[in-house]
Protein chains: 2
Amino acid sequence: MTDRVTEILQSKRDTYVQELQEYLRIPSISSISEHKDDVKEAAEWTANALRNAGMEKVEILETKRHPVVYGEWLKAEEAPTILVYGHYDVQPVDPLHLWETEPFEPTVRDHKLYARGATDDKGQTFMHIKAVEAMLEAEGTLPFNVKFLIEGEEEIGSPNLDDFVVAEKERLSSDILVISDTPMLEAGKPAICTGLRGLCALQIDVRGASGDLHSGLYGGAVQNSLHALVQLLDSMRGEDGRVTIEGFYDGIEAPSEEEQESMKALGDGDESMKKEVGVSELFGEAGYTSRERTWIRPTLELNGVYGGFQGEGVKTVIPAEAHAKITCRLVPGQDPDDVLEKIEAHIEEHTPAGVTVSTTRHDKGKPFAAPVDHPAFEAAAKAYEKVYGTEVAYTRMGGSIPVVETFDAQLQVPIVLMGFGLPGENFHAPNEHFHLENFDKGLETIVAFWRELAEQQRR
Amino acid sequence: MTDRVTEILQSKRDTYVQELQEYLRIPSISSISEHKDDVKEAAEWTANALRNAGMEKVEILETKRHPVVYGEWLKAEEAPTILVYGHYDVQPVDPLHLWETEPFEPTVRDHKLYARGATDDKGQTFMHIKAVEAMLEAEGTLPFNVKFLIEGEEEIGSPNLDDFVVAEKERLSSDILVISDTPMLEAGKPAICTGLRGLCALQIDVRGASGDLHSGLYGGAVQNSLHALVQLLDSMRGEDGRVTIEGFYDGIEAPSEEEQESMKALGDGDESMKKEVGVSELFGEAGYTSRERTWIRPTLELNGVYGGFQGEGVKTVIPAEAHAKITCRLVPGQDPDDVLEKIEAHIEEHTPAGVTVSTTRHDKGKPFAAPVDHPAFEAAAKAYEKVYGTEVAYTRMGGSIPVVETFDAQLQVPIVLMGFGLPGENFHAPNEHFHLENFDKGLETIVAFWRELAEQQRR
């Protein structure tokens with residue numbers, strides 16, 4: 001790295017963190033309608049940041065729900081074009097009472113920046129923008145071309161980005177796609193992610209009597225919608241942790257032997273996971289390690305179950321309605337629509353007597369696995385090793401970035417998933433935070449990676 | 001009935017209904033702490049109503065939580081003493097959006113009075129007060145003695161009334177106890193209730209990881225507290241509707257052959273129940289009719305289950321906490337403490353891997369069955385038949401009035417449960433209401449019953 005870029009990154013570091021805090025103050029929760037204007041404000045903030053960084057043709061492109069922000073700098077002839085993808089929307093923040101400081105009042109404590117979106121993904125998106133800004137400021141030019149595609153619907157499953165990518169294929173054409181939305185393996189140990197789980201989501205609504213009933217007068221003679229829901233949900237998983245939806249595991253592709261070897265070398269991950277989540281005992285599908293359970297095995301999770309009385313004390317009621325929100329994480333070989341159909345068929349077959357059950361499909365995203373023999377992966381590994389002084393780990397991730405599979409299918413470029421977040425930084429949970437050490441090292445790594453990509457081209 | 005009492009009841013009818021509406025405007029929800037002052041206000045209102053009716057020694061007697069209201073008129077020498085029990089507290093009102101008019105804005109529609117507490121039990125308690133008031137107004141005296149005991153904790157299981165009854169045994173001594181808190185069999189068909197189910201309640205709290213987790217990063221490797229709760233709750237009931245807690249049905253006393261015959265004569269109750277609750281299919285313990293399931297069989301009900309995300313859309317979270325509120329309705333031969341112990345033992349034995357489960361005991365009330373050979377029952381039946389022109393039905397009730405068993409044990413007087421509410425009047429549910437026809441006929445019936453009791457004594 002030239003001294004001038006390093007100098008700028010160092011001298012402007014506090015300004016950058018302050019700017020990021022401004023970004024994090026915008027409560028751009030994409031799943032909640034009343035935050036629609038906040039999401040819009042975050043899009044505008046993103047667009048301005050791109051303009052300030054020196055990007056051209058910056059546009060806020062409307063979709064059916066939340067807009068996409070685009071910007072480019074394409075003045076490096078004969079040089080490779082890097083497409084950077086990120087998202088400016090964030091997860092909801094409840095339960096609010098578990099946050100130590102307000103989710104949208106960013107606070108630095110102990111070299112960590114606390115706020116919803118600090119890592120996932122405003123913080124990491126922001127780093128890419130600042131890396132380009134610093135390089136342009138230092139040198140007036142770049143040794144590569146760059147395009148930014150920053151969306152506002154990632155946390156709701158990117159429902160409109162697929163269409164957008166298909167429609168804007170030309171504009172998005174590039175030689176490599178970079179995404180920073182995956183975690184490092186652990187503190188000090190960077191990772192390139194070679195696979196992501198897919199996702200599908202279903203809301204289940206159970207209806208019993210026409211209204212809530214007195215449990216004394218009717219208890220025992222009328223189906224209790226909560227009990228029916230509990231019976232239905234319990235029928236979906238065995239006590240051994242295996243999902244019992246018929247055909248759920250059909251067609252799953254095992255990772256290559258090489259990947260399995262590399263996974264084994266990292267250990268089972270049990271002890272660090274116990275520590276991270278604060279349990280004395282892990283639980284999952286019999287016959288697999290924790291790492292395998294989260295990286296290469298699918299899961300069905302209850303994200304919310306609710307019905308009846310939730311207040312203080314007792315209410316002797318038979319609730320008329322009961323509800324559940326479930327999501328599945330899927331692995332290569334599984335298809336979200338196919339899995340949803342299987343769950344719906346299971347529900348139909350197992351609906352308890354005395355209630356009606358309806359379902360609503362929500363988010364979907366296909367699983368993804370990257371072939372890692374492209375030189376771009378070597379460039380990323382080199383950059384990480386240079387800054388962090390250690391070999392990079394090749395990992396998979398249990399989470400989903402639904403649009404990655406679309407990028408893969410539509411753009412047909414290598415996708416490098418290089419993240420700077422750490423496990424335990426509470427993405428999607430209260431007290432989300434970002435270790436600022438990785439903000440600093442990440443900026444250097446991004447610059448080093450891009451320089452290496454440009455070098456490769458010249459060689 | 002003397003013309004004068006009838007005249008007063010008729011001429012003051014609208015005034016009475018207006019006064020009752022005033023009573024119903026007080027949101028005296030005993031289970032919610034923030035309504036403590038409202039409960040107190042309702043106690044004061046009750047005390048004033050007793051004073052206005054001509055009762056003496058009216059007192060508001062404090063307990064550990066909500067006060068008891070007492071009043072008496074004891075000037076009829078050699079005449080029997082009637083103790084009237086009722087309650088001025090009410091159930092919570094959620095889900096509020098299902099109420100057609102505000103629960104504490106009483107509204108008359110189609111000869112029905114809509115409000116929380118309209119029947120259960122402010123409306124019925126109020127009728128007894130007004131019956132005495134009209135008789136005293138008409139005749140300046142009563143042919144019997146009367147004591148009122150009106151409490152504010154019935155809807156939370158009367159936690160302090162047991163101690164109160166024991167301590168105030170002398171003050172409460174009487175020849176007969178009358179309670180109007182049970183329903184008629186159906187419109188036009190009055191009923192005397194000869195048995196009540198008991199009650200016990202338990203809160204179950206499940207704790208998994210130390211905080212909510214991202215379902216992508218941890219899904220499949222960490223126990224989901226909601227899934228664990230669902231598994232635990234489902235283990236408590238079979239698909240045939242039978243409770244599977246070990247020993248749950250032990251010791252249940254079958255009703256006498258006579259009662260069983262009388263129950264059979266009333267039919268299984270299935271069709272009317274389906275209509276009342278708006279279902280096409282009933283569900284309950286195999287081998288019993290709906291009437292038996294609610295009158296003479298115990299049940300375990302989920303009154304509330306909650307955990308995780310309940311908002312709009314999707315949140316891909318593994319919730320750290322999950323909660324359930326359960327109550328059992330018990331029948332003669334079962335003991336609430338014993339049943340709670342059995343449920344707790346079941347929970348301990350069936351706690352899923354990877355979570356801790358804690359329980360909190362709430363309300364308790366023993367089941368009750370009355371021997372109906374006392375002449376007071378004959379007097380009540382005569383009064384009903386006189387006003388309604390039809391034979392009274394002897395019924396049991398699936399609901400609980402926990403203190404009845406205490407009265408039975410402590411006061412050792414016949415307890416006559418004669419109610420004026422109708423099934424389908426939504427006690428404990430949105431849109432609770434009271435058919436004013438039974439308000440009018442009920443007042444006449446109460447007067448006729450008391451006169452008949454006094455007559456019996458003189459014979």
# chains A, B, ... in the order shown; residues from 1 in each chain; ligands from 1

$ residues_around --residues "Leu226 of chain B" --least-positions-apart "6" --cutoff "7 Å" --atoms "only C-alpha atoms" --output "list in words"
Leu302 of chain A; Gly307, Pro319 and Ala322 of chain B

$ write_last_selection --atoms "C-alpha atoms" --output "CSV table (one decimal), in the first residue's frame"
chain,number,residue,atom,x,y,z
A,302,LEU,CA,-39.3,-21.5,15.1
B,307,GLY,CA,-41.6,-16.2,22.4
B,319,PRO,CA,-35.3,-16.9,20.5
B,322,ALA,CA,-40.1,-18.9,25.5

$ residues_around --residues "Ala49 of chain B" --least-positions-apart "2" --cutoff "10 Å" --atoms "only C-alpha atoms" --output "ChimeraX atom specification"
/B:19,23,43-47,51-55,58,126,129-130,133

$ atom_distance --atom1 "atom CA of Ile176 of chain A" --atom2 "atom CA of Ile415 of chain A"
6.2 Å

$ atom_distance --atom1 "atom CA of Ala380 of chain B" --atom2 "atom CA of Asp110 of chain B"
29.0 Å

$ select_by_dssp --residues "segment 79-298 of chain A" --states "alpha helix (DSSP H)" --output "PyMOL selection string"
chain A and resi 122-139+161-167+215-218+225-234+257-265+270-277+290-295

$ residues_around --residues "Leu217 of chain B" --least-positions-apart "4" --cutoff "7 Å" --atoms "only C-alpha atoms" --output "PyMOL selection string"
chain A and resi 294+397-399

$ closest_residue --among "A:Glu425, A:Glu168, A:Asp175, A:Glu285" --to "chain B" --atoms "only C-alpha atoms"
A:Glu285
